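Containing compact mmCIF, C-alpha atoms: protein_22.txt.
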```txt
# COMPACT_ATOMS: atom_id res chain seq x y z
CA MET A 1 96.87 76.14 240.79
CA ARG A 2 97.71 76.81 237.16
CA PRO A 3 97.28 73.88 234.72
CA SER A 4 100.52 72.25 233.64
CA THR A 5 101.79 72.21 230.06
CA GLU A 6 100.69 68.57 229.87
CA ASP A 7 97.17 69.58 230.93
CA LEU A 8 97.10 72.38 228.37
CA LEU A 9 98.25 70.01 225.63
CA SER A 10 95.45 67.62 226.59
CA VAL A 11 92.98 70.49 226.21
CA ARG A 12 94.55 71.48 222.90
CA ASP A 13 94.20 67.91 221.63
CA GLY A 14 90.55 67.68 222.68
CA GLU A 15 91.06 65.12 225.40
CA PRO A 16 88.55 64.92 228.25
CA LEU A 17 89.32 67.30 231.08
CA ASP A 18 88.59 66.77 234.75
CA ALA A 19 86.58 69.39 236.58
CA ALA A 20 89.47 70.66 238.69
CA THR A 21 91.68 71.29 235.67
CA ARG A 22 88.80 72.94 233.82
CA ALA A 23 88.18 75.24 236.78
CA ALA A 24 91.88 76.06 237.02
CA LEU A 25 91.99 76.83 233.31
CA ASP A 26 88.94 79.06 233.49
CA ALA A 27 90.44 80.94 236.42
CA SER A 28 93.76 81.62 234.70
CA PRO A 29 93.84 84.06 231.78
CA GLN A 30 97.55 83.28 231.40
CA SER A 31 96.69 79.64 230.76
CA ALA A 32 94.28 80.62 228.02
CA VAL A 33 97.06 82.63 226.37
CA GLU A 34 99.49 79.72 226.74
CA LEU A 35 96.91 77.34 225.30
CA GLU A 36 96.54 79.55 222.25
CA ARG A 37 100.32 79.73 221.93
CA LEU A 38 100.55 75.92 221.97
CA ARG A 39 97.92 75.77 219.22
CA GLY A 40 99.92 78.28 217.24
CA VAL A 41 103.14 76.29 217.57
CA GLN A 42 101.37 73.18 216.33
CA ARG A 43 99.94 75.06 213.35
CA SER A 44 103.40 76.43 212.59
CA LEU A 45 104.98 72.97 212.79
CA GLN A 46 102.35 71.60 210.42
CA ALA A 47 102.96 74.52 208.07
CA LEU A 48 106.69 73.81 207.73
CA PRO A 49 107.41 73.03 204.08
CA GLN A 50 108.01 69.52 202.80
CA LEU A 51 111.64 68.91 201.95
CA GLU A 52 112.76 67.69 198.56
CA ALA A 53 114.58 64.37 198.48
CA PRO A 54 118.19 64.80 197.33
CA ALA A 55 118.95 64.45 193.64
CA GLY A 56 120.19 61.04 192.57
CA ALA A 57 118.68 59.28 195.59
CA TRP A 58 116.43 57.04 193.48
CA GLU A 59 119.38 55.78 191.43
CA ARG A 60 121.26 54.96 194.63
CA ILE A 61 118.24 53.15 196.01
CA VAL A 62 117.86 51.02 192.89
CA ALA A 63 121.57 50.17 192.99
CA ALA A 64 121.43 49.31 196.71
CA GLU A 65 118.38 47.14 196.20
CA GLN A 66 120.10 45.34 193.35
CA ARG A 67 123.19 44.69 195.48
CA ALA A 68 121.05 43.39 198.35
CA ARG A 69 119.11 41.13 195.99
CA THR A 70 122.31 39.71 194.53
CA ALA A 71 123.77 39.11 198.00
CA ARG A 72 120.61 37.34 199.16
CA ARG A 73 120.54 35.13 196.08
CA ARG A 74 124.22 34.24 196.48
CA ALA A 75 123.78 33.53 200.18
CA ALA A 76 120.73 31.35 199.54
CA THR A 77 122.61 29.32 196.94
CA LEU A 78 125.62 28.86 199.16
CA PHE A 79 123.50 28.16 202.22
CA ALA A 80 121.73 25.36 200.36
CA GLY A 81 125.14 23.83 199.71
CA PHE A 82 126.28 24.26 203.26
CA GLY A 83 122.99 23.08 204.73
CA ALA A 84 123.67 19.37 204.64
CA ALA A 85 127.21 19.76 205.90
CA ALA A 86 126.04 22.05 208.68
CA ALA A 87 123.36 19.60 209.76
CA ILE A 88 125.90 16.77 209.93
CA ALA A 89 128.35 18.94 211.83
CA MET A 90 125.66 20.03 214.28
CA ALA A 91 124.56 16.43 214.83
CA ALA A 92 128.18 15.48 215.47
CA LEU A 93 128.55 18.34 217.91
CA ILE A 94 125.47 17.29 219.85
CA TYR A 95 126.70 13.71 219.84
CA VAL A 96 130.02 14.78 221.32
CA VAL A 97 128.58 17.17 223.88
CA ALA A 98 125.65 15.09 225.04
CA GLY A 99 127.01 11.60 224.56
CA ARG A 100 125.21 8.76 222.83
CA PRO A 101 121.60 8.66 224.07
CA ASN A 102 121.59 4.85 224.36
CA ASP A 103 124.69 4.90 226.49
CA ASP A 104 123.60 7.62 228.85
CA ALA A 105 119.96 8.10 229.74
CA GLY A 106 120.74 11.46 231.38
CA ALA A 107 122.32 12.97 228.32
CA GLY A 108 119.16 14.65 227.10
CA ALA A 109 118.54 16.18 230.48
CA ALA A 110 122.16 17.30 230.64
CA LEU A 111 121.83 19.01 227.31
CA ALA A 112 118.61 20.65 228.42
CA ASP A 113 120.31 21.85 231.61
CA GLN A 114 123.11 23.23 229.53
CA GLY A 115 120.57 25.10 227.45
CA ARG A 116 118.93 26.57 230.51
CA SER A 117 122.23 27.84 231.80
CA SER A 118 123.03 29.56 228.50
CA PRO A 119 122.70 33.33 228.56
CA TRP A 120 121.12 33.18 225.11
CA LEU A 121 118.28 30.73 225.69
CA LEU A 122 115.63 32.64 227.53
CA THR A 123 112.45 30.70 227.07
CA ALA A 124 113.08 27.76 229.37
CA SER A 125 110.65 28.95 232.03
CA THR A 126 107.20 27.42 231.90
CA GLU A 127 105.66 30.64 233.26
CA PRO A 128 104.34 32.85 230.43
CA ALA A 129 106.19 36.14 230.37
CA SER A 130 104.23 39.36 230.72
CA TYR A 131 104.14 42.06 228.06
CA ALA A 132 106.43 44.29 230.13
CA GLN A 133 108.91 41.46 230.71
CA LEU A 134 109.00 40.67 227.02
CA VAL A 135 109.59 44.28 226.05
CA ALA A 136 112.35 44.55 228.67
CA GLU A 137 113.90 41.27 227.51
CA SER A 138 113.79 42.41 223.91
CA ALA A 139 115.58 45.62 224.88
CA ARG A 140 118.18 43.62 226.84
CA LEU A 141 118.84 41.44 223.80
CA GLU A 142 119.16 44.54 221.60
CA ARG A 143 121.82 45.80 224.01
CA LEU A 144 123.61 42.43 223.97
CA LEU A 145 123.56 42.47 220.19
CA ALA A 146 124.94 45.99 220.13
CA GLU A 147 127.77 44.94 222.44
CA LEU A 148 128.90 42.14 220.14
CA PRO A 149 131.83 42.98 217.90
CA PRO A 150 130.76 44.28 214.48
CA GLN A 151 130.65 41.77 211.67
CA ALA A 152 134.04 41.53 209.98
CA PRO A 153 134.41 42.00 206.24
CA VAL A 154 135.16 38.28 206.14
CA VAL A 155 131.71 36.76 206.48
CA ARG A 156 130.89 33.18 207.30
CA LEU A 157 128.44 32.29 204.62
CA GLY A 158 127.05 29.31 206.45
CA THR A 159 125.52 31.70 208.98
CA MET A 160 125.01 34.75 206.79
CA SER A 161 121.73 33.53 205.36
CA THR A 162 120.50 32.63 208.82
CA ILE A 163 121.35 36.11 210.11
CA VAL A 164 119.66 37.80 207.15
CA GLY A 165 116.60 35.60 207.59
CA LEU A 166 116.34 36.35 211.31
CA GLU A 167 116.79 40.08 210.75
CA ASP A 168 114.09 40.01 208.06
CA ARG A 169 111.66 38.22 210.37
CA ILE A 170 112.39 40.65 213.21
CA SER A 171 111.86 43.56 210.85
CA LEU A 172 108.55 42.05 209.72
CA LEU A 173 107.48 41.59 213.34
CA ASP A 174 108.34 45.22 214.07
CA GLU A 175 106.06 46.25 211.24
CA GLN A 176 103.29 44.01 212.57
CA LEU A 177 103.72 45.58 216.00
CA SER A 178 103.50 49.01 214.42
CA TYR A 179 100.37 48.02 212.52
CA GLY A 180 99.05 46.64 215.77
CA ALA A 181 99.73 49.91 217.52
CA ALA A 182 97.80 51.77 214.84
CA SER A 183 94.87 49.36 214.76
CA GLY A 184 94.54 48.68 218.48
CA LEU A 185 95.84 45.12 218.48
CA GLU A 186 94.45 43.05 221.35
CA SER A 187 96.79 42.50 224.27
CA PRO A 188 97.21 38.67 223.90
CA GLN A 189 98.13 39.04 220.22
CA ARG A 190 100.54 41.82 221.02
CA THR A 191 102.16 39.74 223.74
CA ALA A 192 102.46 36.83 221.32
CA LEU A 193 104.24 39.06 218.80
CA TRP A 194 106.63 40.33 221.45
CA SER A 195 107.25 36.75 222.58
CA GLU A 196 108.13 35.80 219.02
CA ARG A 197 110.39 38.83 218.79
CA VAL A 198 112.26 37.76 221.93
CA ASP A 199 112.70 34.26 220.50
CA LEU A 200 114.06 35.61 217.23
CA MET A 201 116.32 38.09 219.00
CA SER A 202 117.65 35.26 221.20
CA ALA A 203 118.43 33.22 218.11
CA LEU A 204 120.05 36.20 216.41
CA VAL A 205 122.23 36.98 219.44
CA PHE A 206 123.19 33.30 219.66
CA VAL A 207 124.20 33.09 216.00
CA ARG A 208 126.05 36.40 216.08
CA ALA A 209 127.88 35.41 219.26
CA ALA A 210 128.86 32.08 217.72
CA GLN A 211 129.97 33.90 214.60
CA ALA A 212 132.05 36.28 216.70
CA GLN A 213 133.76 33.30 218.30
CA GLY A 214 134.60 32.01 214.85
CA ASN A 215 133.31 28.50 215.39
CA LEU A 216 130.95 28.12 212.48
CA PHE A 217 131.95 26.31 209.39
CA GLN A 218 133.38 27.67 206.21
CA THR A 219 134.65 31.19 205.65
CA VAL A 220 134.30 32.95 202.33
CA GLU A 221 135.03 36.59 201.62
CA ILE A 222 132.17 38.59 200.15
CA PRO A 223 133.35 40.87 197.38
CA MET B 224 95.50 69.14 210.74
CA PRO B 225 98.13 66.37 210.53
CA ASN B 226 100.28 66.10 207.45
CA LEU B 227 98.45 64.47 204.58
CA LEU B 228 100.13 61.84 202.47
CA PRO B 229 99.71 61.66 198.69
CA GLN B 230 97.07 59.24 197.43
CA VAL B 231 97.99 56.69 194.79
CA ASP B 232 95.62 54.36 193.02
CA THR B 233 95.51 50.65 193.67
CA ALA B 234 96.48 49.87 190.08
CA LEU B 235 99.86 51.51 190.65
CA VAL B 236 100.38 49.44 193.80
CA ALA B 237 99.41 46.28 191.93
CA ARG B 238 101.91 47.08 189.17
CA ALA B 239 104.61 47.70 191.76
CA GLN B 240 103.79 44.39 193.42
CA ALA B 241 104.15 42.68 190.05
CA GLY B 242 107.71 44.03 189.80
CA ASP B 243 107.07 46.87 187.35
CA ARG B 244 110.13 49.14 187.67
CA ALA B 245 108.26 52.17 186.33
CA ALA B 246 105.66 51.70 189.06
CA HIS B 247 108.42 51.52 191.67
CA ALA B 248 109.76 54.83 190.39
CA GLU B 249 106.27 56.35 190.53
CA LEU B 250 105.85 55.23 194.14
CA TYR B 251 109.19 56.81 194.93
CA SER B 252 108.19 60.05 193.23
CA ALA B 253 104.98 60.18 195.23
CA PHE B 254 106.47 59.43 198.65
CA ALA B 255 110.14 60.43 198.56
CA SER B 256 109.44 63.93 199.81
CA PRO B 257 107.18 62.92 202.75
CA VAL B 258 109.66 60.21 203.78
CA PHE B 259 112.65 62.52 203.55
CA THR B 260 110.77 65.22 205.46
CA VAL B 261 109.72 63.00 208.34
CA ALA B 262 113.26 61.60 208.59
CA ARG B 263 114.93 65.00 208.48
CA ARG B 264 112.52 66.44 211.06
CA MET B 265 112.82 63.48 213.42
CA LEU B 266 116.59 63.04 213.16
CA ALA B 267 117.72 66.66 212.67
CA SER B 268 120.37 65.50 210.24
CA LYS B 269 120.36 65.64 206.47
CA ALA B 270 122.84 62.77 206.19
CA LEU B 271 120.82 60.47 208.44
CA ALA B 272 117.63 61.46 206.64
CA GLU B 273 119.22 60.40 203.35
CA ASP B 274 120.16 57.07 204.94
CA VAL B 275 116.59 56.58 206.11
CA LEU B 276 115.22 57.51 202.68
CA GLN B 277 117.41 54.88 201.06
CA GLU B 278 116.78 52.19 203.69
CA THR B 279 113.04 52.83 203.55
CA PHE B 280 112.73 52.48 199.79
CA VAL B 281 115.04 49.47 199.63
CA ASP B 282 112.62 47.87 202.11
CA VAL B 283 109.62 49.07 200.12
CA LEU B 284 110.98 47.46 196.95
CA ARG B 285 111.77 44.25 198.82
CA LYS B 286 108.49 43.98 200.68
CA ILE B 287 105.91 45.54 198.39
CA GLY B 288 104.84 42.01 197.49
CA ASP B 289 103.93 41.43 201.14
CA TYR B 290 101.83 44.60 201.36
CA ARG B 291 98.23 43.48 201.88
CA GLY B 292 96.46 46.81 201.82
CA GLU B 293 95.54 46.90 205.53
CA ALA B 294 96.37 50.61 205.43
CA GLU B 295 96.93 53.11 202.63
CA VAL B 296 100.24 52.40 200.95
CA GLY B 297 101.45 55.85 202.01
CA PHE B 298 100.86 55.01 205.67
CA TRP B 299 102.62 51.68 205.16
CA ILE B 300 105.66 53.44 203.68
CA ARG B 301 105.65 56.13 206.33
CA ARG B 302 105.49 53.47 209.04
CA ILE B 303 108.60 51.82 207.61
CA ALA B 304 110.34 55.21 207.56
CA VAL B 305 109.32 56.03 211.14
CA ASN B 306 110.61 52.63 212.31
CA LYS B 307 113.91 53.29 210.55
CA CYS B 308 114.13 56.69 212.25
CA LEU B 309 113.46 55.14 215.65
CA MET B 310 116.14 52.52 214.98
CA HIS B 311 118.59 55.32 214.26
CA LEU B 312 117.55 57.13 217.42
CA ARG B 313 118.01 53.95 219.45
CA SER B 314 121.47 53.26 218.09
CA SER B 315 124.31 54.21 220.38
CA TRP B 316 126.09 55.72 217.39
CA VAL B 317 123.49 58.44 217.13
CA SER B 318 123.48 59.11 220.84
CA ARG B 319 127.25 59.59 220.77
CA ARG B 320 127.22 61.52 217.53
CA GLU B 321 128.37 65.13 217.61
CA PRO B 322 126.14 67.69 215.90
CA GLU B 323 127.22 68.39 212.37
CA GLY B 324 128.43 71.93 212.03
CA ASP B 325 126.80 72.61 208.69
CA GLU B 326 123.35 71.39 209.59
CA ARG B 327 122.81 71.51 213.34
CA VAL B 328 123.68 75.07 213.91
CA ALA B 329 124.02 76.26 217.46
CA ILE B 330 120.65 77.51 218.58
CA GLU B 331 120.54 81.22 218.97
CA PRO B 332 117.53 83.07 220.24
CA ALA B 333 115.39 83.62 217.19
CA ARG B 334 114.79 87.28 217.87
CA ALA B 335 118.46 88.03 218.38
CA ALA B 336 119.37 86.28 215.15
CA GLY B 337 116.67 88.16 213.30
CA LEU B 338 115.54 85.04 211.49
CA ASP B 339 112.09 84.56 210.16
CA ASP B 340 109.63 82.43 212.08
CA GLN B 341 109.95 79.33 209.95
CA VAL B 342 113.72 79.15 210.16
CA ALA B 343 113.55 79.86 213.87
CA LEU B 344 111.08 77.06 214.37
CA GLU B 345 113.19 74.61 212.34
CA ARG B 346 116.25 75.49 214.40
CA ALA B 347 114.36 75.19 217.65
CA LEU B 348 113.04 71.78 216.58
CA ASP B 349 116.58 70.67 215.77
CA GLY B 350 117.65 71.89 219.19
CA LEU B 351 115.36 69.47 221.03
CA ALA B 352 116.64 66.20 222.48
CA ASP B 353 116.28 63.29 220.04
CA VAL B 354 113.32 61.59 221.69
CA ALA B 355 111.48 64.85 222.43
CA ARG B 356 111.89 65.95 218.82
CA ALA B 357 110.60 62.62 217.53
CA VAL B 358 107.59 62.74 219.85
CA VAL B 359 106.64 66.31 219.00
CA TRP B 360 106.90 65.62 215.26
CA LEU B 361 105.01 62.33 215.35
CA HIS B 362 102.24 63.73 217.54
CA ASP B 363 101.81 67.33 216.46
CA VAL B 364 102.48 66.91 212.74
CA GLU B 365 102.09 63.29 211.69
CA GLY B 366 99.03 62.77 213.86
CA TYR B 367 100.18 59.76 215.88
CA THR B 368 98.38 59.30 219.19
CA HIS B 369 100.26 59.14 222.48
CA LYS B 370 99.30 55.48 222.73
CA GLU B 371 100.85 54.72 219.35
CA ILE B 372 104.00 56.68 220.13
CA GLY B 373 104.35 54.93 223.49
CA ARG B 374 104.13 51.55 221.79
CA LEU B 375 106.50 52.51 218.98
CA MET B 376 109.06 53.58 221.55
CA GLY B 377 108.51 50.53 223.74
CA SER B 378 107.11 52.75 226.45
CA SER B 379 103.85 54.10 227.82
CA THR B 380 101.22 56.65 226.85
CA SER B 381 102.22 58.84 229.79
CA PHE B 382 105.85 58.75 228.63
CA SER B 383 104.78 60.20 225.30
CA LYS B 384 102.63 62.87 227.01
CA SER B 385 105.39 63.98 229.33
CA GLN B 386 107.92 64.05 226.49
CA LEU B 387 105.57 66.23 224.44
CA ALA B 388 105.05 68.63 227.33
CA ARG B 389 108.79 68.91 227.94
CA ALA B 390 109.40 69.40 224.23
CA HIS B 391 106.96 72.31 224.12
CA GLU B 392 108.46 73.88 227.21
CA ARG B 393 111.90 73.60 225.61
CA LEU B 394 110.61 74.97 222.31
CA ARG B 395 109.24 77.96 224.15
CA VAL B 396 112.66 78.63 225.63
CA LEU B 397 114.47 78.16 222.32
CA LEU B 398 112.02 80.26 220.34
CA ASN B 399 111.75 83.04 222.82
CA GLY B 400 115.38 83.10 223.87
CA GLU B 401 114.24 82.80 227.46
CA ASN B 402 116.66 82.11 230.22
CA GLU B 403 115.76 78.62 231.41
CA ALA B 404 115.86 79.86 234.98
CA ILE B 405 112.79 81.95 234.28
CA GLY B 406 111.18 79.30 232.11
CA ASP B 407 108.14 79.21 234.36
CA GLU B 408 106.99 82.56 233.03
CA LEU B 409 104.44 82.34 230.30
CA CYS B 410 105.37 83.28 226.79
CA VAL B 411 102.67 85.47 225.38
CA GLN B 412 103.62 85.63 221.77
CA VAL B 413 106.43 83.71 220.14
CA LEU B 414 105.51 83.23 216.54
CA LYS B 415 103.74 85.72 214.37
CA THR B 416 101.49 82.88 213.28
CA CYS B 417 100.29 82.25 216.86
```
How does the structure come out when it is put into structure tokens?
Amino acid sequence: MRPSTEDLLSVRDGEPLDAATRAALDASPQSAVELERLRGVQRSLQALPQLEAPAGAWERIVAAEQRARTARRRAATLFAGFGAAAAIAMAALIYVVAGRPNDDAGAGAALADQGRSSPWLLTASTEPASYAQLVAESARLERLLAELPPQAPVVRLGTMSTIVGLEDRISLLDEQLSYGAASGLESPQRTALWSERVDLMSALVFVRAAQAQGNLFQTVEIP
Amino acid sequence: MPNLLPQVDTALVARAQAGDRAAHAELYSAFASPVFTVARRMLASKALAEDVLQETFVDVLRKIGDYRGEAEVGFWIRRIAVNKCLMHLRSSWVSRREPEGDERVAIEPARAAGLDDQVALERALDGLADVARAVVWLHDVEGYTHKEIGRLMGSSTSFSKSQLARAHERLRVLLNGENEAIGDELCVQVLKTC
């Protein structure tokens, strides 16, 4: 039996080879030719020239960074102003939904039950999720996020800073996961990072969904 | 040998971290071309590669203060760029996007078109499916391992290996102008550089 392309690529890349594949390779002159062809393609790919970045790109980057910095600063200032009002409003909302704790001993449990039934709160289980489950859940949340309507030009500033903050933290986690991939991060640490990513994605989906429903505080148009 | 990234001294990185605009520009000058190249090769679109270039360096400027030197700054920047590329590949917009007439030219058999080997190879690379193209570039040129690629793509080592094998089989067809029905036949000589 002739070695497969995957086998030949393993040989090309210097990976260990089992005896049967080695014997098959030795017995097939065609495979040796194909192996040399695969090496040649790789050399040719590596020899492709570097491409020049388009003219004016740096100026556009500086301008974009400046705009982003200004937007973050403005959002942070406004968010600080909205923070107290938002906290009061949230407390009032909980009070209305759950009832006064002194009047109803089951209110806390009711609220917790409500949380468990929410499609956005995914960490209620006491069983630790596996790495594969977390990756799958993260992908599911990405899909949910993609299905939400795009953010309108009219942005609710009370949530904008939260969204930016969550996206920043997710981006940072993605970088940590990439670093981890490069440096052979231990499995428990990797699982912890994915768990944190799922939590942040859940929060982001929740905030974006609430924003889409238009039930969060003040609306201000961003110029 | 995998693509090498330019080396910059730690003093330049320190100046950039301190907010020195000239140092930011120097970092851009050093790494703009590698970033643009990896984005263009992975995404097969000049317009998307420009987006990635901009997004990458906006992130670099924002986060250079957080860079702790765990890896060379070039690897750190390239990692940001690769993540941006993968985000573009994951987005449904890209998967629905039609090829752009001026940059993703219909793949013709290289020999029939009479193109030189380099152009033929670039066209064949552009003709691969998005994920296959990303895998072949990351592995064969940038030097990522299958394990790293599997993790970056939220998948397994064997996924990366099988994607690479399929990509090379497809490249053989595109470069040699083979009929896919006879794709099992071995190509003896495709590129003059083989």
Find the nearest atom pair between each residue of chain A and chain B for residues within 8 Å, count all atoms listed in the file, give distances in Å to one decimal, sort rows by chain and ascending number, and present the table as a Markdown table.
```
| residue | atom | partner | partner_atom | distance |
| --- | --- | --- | --- | --- |
| A:Thr5 | CA | B:Ala388 | CA | 5.6 |
| A:Glu6 | CA | B:Ala388 | CA | 5.0 |
| A:Leu9 | CA | B:Ala388 | CA | 7.1 |
| A:Gln30 | CA | B:Leu409 | CA | 7.0 |
| A:Val33 | CA | B:Val411 | CA | 6.4 |
| A:Glu34 | CA | B:Leu409 | CA | 6.6 |
| A:Glu36 | CA | B:Cys417 | CA | 7.1 |
| A:Arg37 | CA | B:Cys417 | CA | 5.7 |
| A:Leu38 | CA | B:His391 | CA | 7.7 |
| A:Arg39 | CA | B:Cys417 | CA | 7.3 |
| A:Gly40 | CA | B:Cys417 | CA | 4.0 |
| A:Val41 | CA | B:Cys417 | CA | 6.6 |
| A:Gln42 | CA | B:Asp363 | CA | 5.9 |
| A:Arg43 | CA | B:Met224 | CA | 7.8 |
| A:Ser44 | CA | B:Thr416 | CA | 6.8 |
| A:Leu45 | CA | B:Val364 | CA | 6.6 |
| A:Gln46 | CA | B:Val364 | CA | 5.2 |
| A:Leu48 | CA | B:Gln341 | CA | 6.8 |
| A:Gln50 | CA | B:Thr260 | CA | 5.8 |
| A:Leu51 | CA | B:Thr260 | CA | 5.2 |
| A:Glu52 | CA | B:Ser256 | CA | 5.2 |
| A:Ala53 | CA | B:Ser256 | CA | 5.3 |
| A:Pro54 | CA | B:Glu273 | CA | 7.5 |
| A:Ala57 | CA | B:Gln277 | CA | 7.1 |
| A:Trp58 | CA | B:Tyr251 | CA | 7.4 |
| A:Arg60 | CA | B:Gln277 | CA | 7.5 |
| A:Ile61 | CA | B:Gln277 | CA | 5.4 |
| A:Val62 | CA | B:Val281 | CA | 7.5 |
| A:Ala64 | CA | B:Val281 | CA | 7.0 |
| A:Glu65 | CA | B:Val281 | CA | 5.3 |
| A:Val135 | CA | B:Gly377 | CA | 6.8 |
| A:Asp174 | CA | B:Asn306 | CA | 7.9 |
| A:Glu175 | CA | B:Ile303 | CA | 7.1 |
| A:Ser178 | CA | B:Leu375 | CA | 6.5 |
| A:Ala181 | CA | B:Glu371 | CA | 5.3 |
| A:Ala182 | CA | B:Glu371 | CA | 6.2 |
```
The residues within 9 Å of (103.4, 34.7, 223.8), using only C-alpha atoms and the coordinates of the file, should be reported as a ChimeraX atom specification; which are they?
/A:128-131,134,188-196
Those same residues, written as a CSV table (one decimal), keeping the file's coordinate frame with C-alpha atoms?
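That gives us again_23.csv:
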```csv
chain,number,residue,atom,x,y,z
A,128,PRO,CA,104.3,32.8,230.4
A,129,ALA,CA,106.2,36.1,230.4
A,130,SER,CA,104.2,39.4,230.7
A,131,TYR,CA,104.1,42.1,228.1
A,134,LEU,CA,109.0,40.7,227.0
A,188,PRO,CA,97.2,38.7,223.9
A,189,GLN,CA,98.1,39.0,220.2
A,190,ARG,CA,100.5,41.8,221.0
A,191,THR,CA,102.2,39.7,223.7
A,192,ALA,CA,102.5,36.8,221.3
A,193,LEU,CA,104.2,39.1,218.8
A,194,TRP,CA,106.6,40.3,221.4
A,195,SER,CA,107.2,36.8,222.6
A,196,GLU,CA,108.1,35.8,219.0
```
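What separates atom CA of B:Val275 from atom CA of B:Cys308 is a distance of 6.6 Å.
Here atom CA of A:Gln211 and atom CA of A:Glu147 stand 13.7 Å from one another.
Across the structure, atom CA of A:Asp168 and atom CA of A:Leu148 are spaced 19.2 Å apart.
For A:Arg2, the residues within 10 Å (counting only C-alpha atoms, excluding itself and residues fewer than 6 positions away along the chain) are Leu8, Thr21, Ala23, Ala24, Leu25, Asp26, Ala27, Ser28, Pro29, Gln30 and Ser31 of chain A.
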Can you tell me which residues surround B:Asp353 at a distance of at most 8 Å, considering only C-alpha atoms, apart from same-chain residues fewer than 4 positions away, and format the answer as a PyMOL selection string?
chain B and resi 265-266+312+357
Give the padded box for stretch 61-71 of chain A as AutoDock Vina command-line options: axis-aligned, covering all atoms listed in the file, 3 Å on each side, centre and edge lengths in Å to one decimal.
```
--center_x 120.8 --center_y 46.1 --center_z 195.6 --size_x 11.9 --size_y 20.0 --size_z 11.5
```
Pick from B:Leu398, B:Ala347, B:Met310, B:Ala237: nearest to A:Glu142, with all atoms listed in the file counted?
B:Met310
